[in-house]
Amino acid sequence: MLSNFPTARLRELDAAHHFHPFTDHGALKLDERRVIVRADGVWLHDSEGNRILDGMAGLWCMNVGHGRQEIVEAVRAQMSELSYYNTFFKTTNEPVIELSALLSEITPPQFNMFFYGSSGSDSNDTILRMVRTYWDLMGKPDKKTVIARKNAYHGSTIAGASLGGMGGMHAQSGLPIPGIVHIAQPYWFGEGMDMSKDEFGIHAARELEREIDRLGEGNIAAFIAEPIQGAGGVIIPPDSYWPEIRRILKERDILFVSDEVICGFGRTGNWFGCETYGTEPDLMTMAKGLSSGYLPIGAVAVSREIARVFHEKGGEFYHGYTYSGHPAACAAAIANLKIMRREKIVERVASDIGPYLQERWLRLGDHELVGEARMTGLVGALELVPDKKNLARRFENIGTVGAMARDNSFANGLVMRAVRDSLILSPPLVLSHEEADILVEKASKTLDDTWAMLKKQGLVSPE
Ligand code: PXG
């Protein structure tokens with residue numbers, strides 16, 4: 001075991017052999033590598049003895065918090081009974097049966113069948129294949145194109161990154177693959193300031209209508225969207241956006257996919273983000289909060305209608321993963337969902353810790369560095385701006401100030417994520433009031449520290 005190694009040695013080995021995801025390898029310095037050794041509740045502990053508040057719930061996933069022995073024990077018991085068997089050849093297992101039945105109770109009423117994978121990315125790959133196959137079965141093979149949105153995040157596989165609307169990801173590997181197009185996102189602060197919020201929400205939503213008309217409804221398989229774009233910068237749409245999308249979808253014969261990888265399992269104050277916004281998806285992507293990250297698992301919720309078509313039209317759906325319905329991962333998800341139900345964690349986000357943190361977080365919007373503070377449920381953002389009074393909304397080198405603020409936050413003992421020049425927050429849903437106060441205090445100090453640094457460098461306009 002490496003647990004007795006000094007931090008410097010761990011860092012050397014990491015630098016030598018670990019190819020990190022989403023990392024600029026040339027720029028990552030040895031002493032920046034933080035070795036996380038332990039976590040409990042909302043607190044992380046690193047190899048140098050620092051205690052850090054996990055304001056990102058791992059990576060938007062530890063909804064029930066770290067260190068839940070009940071989940072550990074459920075996985076241990078399952079692994080000693082049946083560590084693995086496949087679900088391909090007319091076989092199944094108890095955990096996947098129990099989890100599916102549980103999900104049919106928790107998800108909106110149109111869902112009662114679930115397909116499993118190991119992540120959000122592979123779940124979206126499944127969805128791309130499923131929607132195209134569905135329309136083939138319906139005798140409409142031309143309906144192949146999927147409409148997604150710019151700056152969306154749907155994963156890092158070829159299909160996931162293609163569905164996603166991240167320009168940098170597309171540029172790196174010749175994406176998107178054919179048959180995927182992207183429309184505008186409802187990002188009022190970044191792109192819609194010349195209109196009122198509601199006008200902009202309608203305008204962005206109507207891009208869907210225009211795109212369907214441009215390509216022809218007979219060629220469109222589905223529209224995929226996150227209720228709130230997470231990795232894109234916690235883009236909370238104007239109130240007018242989802243009702244208008246809903247109207248358009250009602251009038252058109254295309255499927256709607258709600259990517260609930262971040263918004264699902266309580267994040268927005270309902271079990272699913274689509275419930276917060278009143279949409280009725282035909283398919284939902286689920287991962288992260290499904291197991292609170294204790295083991296990798298992803299799932300696709302399939303509507304009764306789509307399941308019926310696959311069932312009645314028959315023929316094999318040539319798709320599945322070795323780990324579809326993995327018994328240990330399903331056991332982790334079951335234990336996680338039981339905790340969420342028993343402790344009424346979703347209700348708590350809606351009526352207790354959600355409003356408590358929102359009130360305090362939104363007040364950070366008064367800081368001279370903050371152009372907008374926003375939060376729904378327990379997911380929020382602070383837009384950092386150089387000159388609030390004169391409505392200057394962008395720093396020159398986009399991303400530099402965000403990264404500086406993120407590093408300051410870490411130094412203050414709070415993990416936040418930087419997206420462009422905004423700070424992002426998505427803490428475990430079990431955050432207590434006291435921990436919320438500590439969080440806001442650390443975020444406030446981070447803004448002060450960053451403002452002071454920027455003033456020193458002449459990068460902001462002091463009054
Ligand atoms: N959909 C959404 C909405 C996501 O947020 C995925 C799909 C893909 O899930 P997997 O399990 O394949 O990672 C995600 C994942 C970030 C960050 O830096 C966000 C995600 C993943 C990695 C980093 O914000 N979201």
# chains A, B, ... in the order shown; residues from 1 in each chain; ligands from 1
>>> residues_near_ligand(ligand="ligand 1", cutoff="9 Å", atoms="only C-alpha atoms and all ligand atoms", output="ChimeraX atom specification")
/A:21-22,56,59-61,118-124,152-157,160-161,164,225-233,258-263,285-288,296-298,417-419,424
>>> residues_around(residues="Asp40 in chain A", least_positions_apart="3", cutoff="7 Å", atoms="only C-alpha atoms", output="VMD selection string")
chain A and resid 43 to 44 66 to 67
>>> write_last_selection(atoms="N, CA, C and O atoms", output="CSV table (one decimal), in the first residue's frame")
chain,number,residue,atom,x,y,z
A,43,TRP,N,-17.0,16.9,4.0
A,43,TRP,CA,-15.6,17.3,4.2
A,43,TRP,C,-14.6,16.3,3.5
A,43,TRP,O,-14.7,15.1,3.7
A,44,LEU,N,-13.6,16.9,2.8
A,44,LEU,CA,-12.5,16.2,2.3
A,44,LEU,C,-11.3,16.4,3.1
A,44,LEU,O,-11.1,17.4,3.7
A,66,HIS,N,-20.3,12.0,1.7
A,66,HIS,CA,-19.2,11.0,1.7
A,66,HIS,C,-19.3,10.1,3.0
A,66,HIS,O,-19.9,10.5,4.0
A,67,GLY,N,-18.8,8.9,2.9
A,67,GLY,CA,-18.5,8.1,4.0
A,67,GLY,C,-19.8,7.4,4.6
A,67,GLY,O,-19.8,7.0,5.8
>>> residues_around(residues="Asp448 in chain A", least_positions_apart="3", cutoff="12 Å", atoms="only C-alpha atoms", output="ChimeraX atom specification")
/A:364,366-370,384,405,408-409,412,441-445,451-455
>>> atom_distance(atom1="CA of Leu431 in chain A", atom2="CA of Gly264 in chain A")
17.3 Å
>>> closest_residue(among="A:Met195, A:Val64, A:Leu53, A:Ala350", to="Thr276 in chain A", atoms="only C-alpha atoms")
A:Ala350
>>> atom_distance(atom1="CA of Ala205 in chain A", atom2="CA of Pro243 in chain A")
8.9 Å
>>> closest_residue(among="A:Val42, A:Leu378, A:Val300, A:Ile36", to="Asp352 in chain A", atoms="only C-alpha atoms")
A:Leu378
